[in-house]
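Q: Once you've had a glance at the structure underneath, I'll fire off some questions.
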Amino acid sequence: MSLGQVHKFPSRVVSLDYSNEGDTLVAATADGNVFFYNIFDGEEKSHYMLKEFGVGKIRFTHHPFALIHSSRNRFDDSIKYWSIHDNQYLRSFQGHTDRVVSLEMNPVNDTFVSAGLDLSLRCWDLRDPKCSALLRYKSATPHLPCVAFDPAGVLFAMSSASGVIKMFDTTNLTAGPFASFQLPEDTMGDISAIKFSYSGTQMLVSSLQGSLALVDAFNGKTERIISGIKNEHRSILEPSFSPDGKFVFSGSESGSIHCWSAVDGNEVTTWDSIHPGPVQCLAWNPVNITFASACTNLGLWVRDEPADTMDVS
């Protein structure tokens, strides 16, 4: 992989996402700006200022001109359904009473889930402003709840207390979790992000302790722990799988981006120099072999190998 373009902002990037078609990247900054980029040339396509509500997490829906985003201000904790075709809000989803810190679209339909600092997880449908299901975290749960769908959209994982991940069937939420997986508390006690591999067979879990865990998504076995990521201030460092599932990636507080083998956990390479601050956002393109990393700088990375191969070194 090699660096294609760098875009610099006065405020740090708080969320990244690629469209389902893989041709557009969205980047939201802490000061309420949203930028869209053409991934083929790395150039900015459009720019919006959402100062009234701000932007926390932002995600594409299954329509390339419609997105959802959480608010980022002192007076509103709602989630907005936003059309960039005419720059209008289509719907507002009310219910959270504190900031939403995790927001994910179901990969196969128009439902989505959100988790907030009010220690609630809510399920929604884009067609209905009312919450369709509500799960309450216990008070012992870490203060940064997170959630992730599997690629088939039939289940989701949510963080729970002291390194526990709970698994839910999206069609039978009233039954509660069908499985609970315990991760090592000394390295994974404060879970900050969960990602499924594109095959759905593994989960990549990050913690505020500066560690990653590769977890079997079927039986919950912790296959390996990757430690030593610089994270002295306990930042949320969003990790990612490569599309082929062979590599895992994470940023660090030092501004470096690390890549490890998902097979044996050995570090493959490290990229330095373009990020002056903590790399908290990192996302892989679901269609093309490209990825984006961000602090106050946004790095757009491209493959330098033929399309049927992948070499990250």
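Each chain in the structure tokens gets a letter, A, B and so on, in the order shown; residues start at 1 in every chain, and ligands are counted from 1 in the order they appear.
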Taking 6 positions as the minimum chain separation for residues in the same chain, which residues sit within 8 Å of stretch 83-99 of chain A when counting only C-alpha atoms? Answer as a list in words.
A: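 Final neighbour list, sorted by chain and number: Phe65, Ala66, Leu67, Ser70, Ser71, Arg72, Asp77, Gly116, Leu117, Asp118, Ser120, Pro129, Lys130 and Cys131 of chain A.
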Q: Show which residues sit within 7 Å of stretch 146-150 of chain A, as a list in words. Count only C-alpha atoms, and ignore same-chain residues fewer than 2 positions away.
A: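 The filter keeps Ser102, Glu104, Asn106, Ala115, Leu144, Ala152, Gly153, Val154, Leu155, Phe156, Ala157, Met158, Ser159, Ser192, Ala193, Ile194, Lys195, Phe196 and Gly200 of chain A.
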Q: Given the choices A:Ser132, A:Asn219, A:Ser206, A:Thr187, which gets closest to A:Thr171 if the distance is worked out from only C-alpha atoms?
A: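 With only C-alpha atoms as the atom set, the closest residue is A:Ser132.
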Q: One decimal, Å: what's the distance from atom CA of A:Asp110 over to atom CA of A:Trp124, could you say?
A: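 Separation between atom CA of A:Asp110 and atom CA of A:Trp124: 8.5 Å.
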Q: Let me make sure I understand: among A:Gly277, A:Gly265, A:Gly299, A:Gly32, which one has the smallest atom-to-atom distance to A:Lys230 if we use only C-alpha atoms?
A: A:Gly277
Q: Would you give me, as a list in words, the residues in stretch 37-280 of chain A that DSSP reads as alpha helix (DSSP H)?
A: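 Put together, the selection reads Glu185, Asp186, Thr187 and Met188 of chain A.
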Q: Which is closer to A:Phe218 than all the others in A:Arg127, A:Pro184, A:Gly255, A:Lys166, using only C-alpha atoms?
A: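 Ranking A:Arg127, A:Pro184, A:Gly255, A:Lys166 by distance to A:Phe218, first place goes to A:Lys166.
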Q: Would you pick out the contacts of stretch 291-295 of chain A at 7 Å or less, using only C-alpha atoms, so that residues sharing its chain but fewer than 4 positions from it are not included, and give the list as a list of chain:residue names?
A: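 Final neighbour list, sorted by chain and number: A:Arg12, A:Val13, A:His275, A:Gly277, A:Pro278, A:Val279, A:Gln280, A:Cys281, A:Leu282, A:Ala283, A:Trp284, A:Asn285, A:Gly299, A:Leu300, A:Trp301, A:Val302.
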Q: Between atom CA of A:Tyr18 and atom CA of A:Pro276, what is the distance, to one decimal in Å?
A: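 Atom-to-atom, atom CA of A:Tyr18 to atom CA of A:Pro276, that is 23.5 Å.
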Q: Let's see if you can do this: from backbone DSSP, list all strand (DSSP E or B) residues in stretch 112-191 of chain A, as a ChimeraX atom specification.
A: /A:112-116,120-125,128-136,147-149,155-159,164-169,179-182,191
Q: Could you save the residues just selected, with N, CA and C atoms, as a compact mmCIF listing (two decimals), in the first residue's frame?
A:
```txt
# COMPACT_ATOMS: atom_id res chain seq x y z
N PHE A 112 -30.83 -0.14 11.78
CA PHE A 112 -29.52 0.23 12.32
C PHE A 112 -29.58 0.21 13.84
N VAL A 113 -28.42 0.22 14.47
CA VAL A 113 -28.33 0.21 15.93
C VAL A 113 -27.46 1.36 16.39
N SER A 114 -27.74 1.83 17.61
CA SER A 114 -26.95 2.91 18.19
C SER A 114 -26.72 2.58 19.66
N ALA A 115 -25.59 3.02 20.18
CA ALA A 115 -25.28 2.86 21.60
C ALA A 115 -24.77 4.19 22.12
N GLY A 116 -25.23 4.57 23.32
CA GLY A 116 -24.90 5.89 23.83
C GLY A 116 -24.34 5.87 25.24
N SER A 120 -27.59 2.86 26.96
CA SER A 120 -28.66 2.16 26.26
C SER A 120 -28.22 1.84 24.85
N LEU A 121 -28.73 0.73 24.34
CA LEU A 121 -28.55 0.34 22.94
C LEU A 121 -29.94 0.31 22.32
N ARG A 122 -30.09 1.00 21.19
CA ARG A 122 -31.40 1.12 20.56
C ARG A 122 -31.35 0.62 19.12
N CYS A 123 -32.40 -0.07 18.72
CA CYS A 123 -32.55 -0.57 17.36
C CYS A 123 -33.59 0.28 16.64
N TRP A 124 -33.33 0.56 15.37
CA TRP A 124 -34.17 1.49 14.61
C TRP A 124 -34.41 0.96 13.20
N ASP A 125 -35.40 1.53 12.55
CA ASP A 125 -35.66 1.31 11.13
C ASP A 125 -35.75 2.69 10.48
N ASP A 128 -39.15 4.44 10.29
CA ASP A 128 -39.97 4.70 11.49
C ASP A 128 -39.13 5.47 12.51
N PRO A 129 -39.59 6.64 12.94
CA PRO A 129 -38.81 7.42 13.91
C PRO A 129 -38.78 6.82 15.30
N LYS A 130 -39.64 5.84 15.57
CA LYS A 130 -39.70 5.24 16.90
C LYS A 130 -38.69 4.10 17.03
N CYS A 131 -38.10 4.01 18.18
CA CYS A 131 -37.16 2.94 18.49
C CYS A 131 -37.90 1.60 18.48
N SER A 132 -37.35 0.61 17.79
CA SER A 132 -38.01 -0.69 17.68
C SER A 132 -37.61 -1.67 18.78
N ALA A 133 -36.48 -1.42 19.43
CA ALA A 133 -36.04 -2.27 20.54
C ALA A 133 -35.05 -1.49 21.38
N LEU A 134 -35.08 -1.75 22.68
CA LEU A 134 -34.22 -1.04 23.63
C LEU A 134 -33.56 -2.03 24.56
N LEU A 135 -32.24 -1.94 24.66
CA LEU A 135 -31.47 -2.77 25.59
C LEU A 135 -30.74 -1.84 26.55
N ARG A 136 -30.82 -2.13 27.82
CA ARG A 136 -30.15 -1.32 28.83
C ARG A 136 -28.86 -2.01 29.29
N VAL A 147 -20.99 -1.41 19.32
CA VAL A 147 -21.82 -2.44 18.70
C VAL A 147 -21.34 -2.66 17.27
N ALA A 148 -21.56 -3.86 16.74
CA ALA A 148 -21.18 -4.17 15.36
C ALA A 148 -22.08 -5.26 14.80
N PHE A 149 -22.49 -5.12 13.54
CA PHE A 149 -23.23 -6.15 12.82
C PHE A 149 -22.26 -7.13 12.16
N LEU A 155 -27.01 -10.95 13.04
CA LEU A 155 -26.70 -10.81 14.46
C LEU A 155 -25.84 -9.58 14.65
N PHE A 156 -25.80 -9.12 15.89
CA PHE A 156 -24.86 -8.07 16.22
C PHE A 156 -24.20 -8.37 17.56
N ALA A 157 -23.01 -7.81 17.71
CA ALA A 157 -22.24 -7.95 18.95
C ALA A 157 -22.22 -6.62 19.66
N MET A 158 -22.33 -6.66 20.99
CA MET A 158 -22.23 -5.44 21.78
C MET A 158 -21.28 -5.67 22.95
N SER A 159 -20.54 -4.63 23.29
CA SER A 159 -19.64 -4.73 24.44
C SER A 159 -20.46 -4.71 25.72
N VAL A 164 -16.51 -8.34 28.26
CA VAL A 164 -17.52 -9.30 27.79
C VAL A 164 -18.17 -8.77 26.52
N ILE A 165 -18.35 -9.66 25.54
CA ILE A 165 -19.09 -9.35 24.32
C ILE A 165 -20.34 -10.22 24.31
N LYS A 166 -21.49 -9.58 24.11
CA LYS A 166 -22.76 -10.30 24.04
C LYS A 166 -23.27 -10.32 22.61
N MET A 167 -23.79 -11.47 22.20
CA MET A 167 -24.24 -11.68 20.83
C MET A 167 -25.77 -11.76 20.80
N PHE A 168 -26.38 -11.03 19.84
CA PHE A 168 -27.84 -10.97 19.73
C PHE A 168 -28.29 -11.37 18.33
N ASP A 169 -29.40 -12.09 18.28
CA ASP A 169 -30.08 -12.41 17.03
C ASP A 169 -30.97 -11.21 16.67
N ALA A 179 -25.40 -15.67 23.30
CA ALA A 179 -24.05 -16.07 23.70
C ALA A 179 -23.36 -14.88 24.34
N SER A 180 -22.45 -15.17 25.28
CA SER A 180 -21.60 -14.17 25.90
C SER A 180 -20.17 -14.67 25.87
N PHE A 181 -19.25 -13.84 25.39
CA PHE A 181 -17.86 -14.22 25.25
C PHE A 181 -17.00 -13.38 26.19
N GLN A 182 -16.20 -14.05 27.01
CA GLN A 182 -15.32 -13.34 27.94
C GLN A 182 -13.93 -13.22 27.34
N ILE A 191 -13.35 -2.51 26.47
CA ILE A 191 -13.55 -2.62 25.02
C ILE A 191 -13.98 -1.27 24.45
```
Q: Record the distance separating atom CA of A:His7 and atom CA of A:Asn33, expressed in Å with one decimal.
A: 13.5 Å
Q: With distances taken over only C-alpha atoms, which of A:Glu238, A:Asp17, A:Asp31, A:Glu185 is nearest to A:Ser252?
A: A:Glu238
Q: Would you pick out the contacts of A:Pro243 at 9 Å or less, using only C-alpha atoms, so that residues sharing its chain but fewer than 2 positions from it are not included, and give the list as a list in words?
A: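 Returned residues: Ser197, Tyr198, Ser199, Phe241, Gly245, Lys246, Phe247, Trp284, Asn285, Pro286, Val287, Asn288 and Ile289 of chain A.
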Q: At a cut-off of 7 Å, using only C-alpha atoms, what residues contact A:His258? Leave out same-chain residues fewer than 5 positions from it and give the result as a ChimeraX atom specification.
A: /A:249-251,269-271
Q: What does the file look like for those residues with C-alpha atoms, as a short mmCIF file (atom, residue, chain, number, x, y, z; two decimals), in the first residue's frame?
A:
```cif
data_model
loop_
_atom_site.label_atom_id
_atom_site.label_comp_id
_atom_site.auth_asym_id
_atom_site.auth_seq_id
_atom_site.Cartn_x
_atom_site.Cartn_y
_atom_site.Cartn_z
CA PHE A 249 -4.83 -2.60 11.24
CA SER A 250 -4.90 0.01 13.98
CA GLY A 251 -3.72 3.53 14.50
CA THR A 269 4.62 -3.15 8.66
CA THR A 270 4.19 0.31 10.19
CA TRP A 271 3.48 3.57 8.40
#
```
Q: Using only C-alpha atoms, pick whichever of A:Val26, A:Ser78, A:Asn20, A:Phe40 has the shortest atom-to-atom distance to A:Thr290.
A: A:Phe40
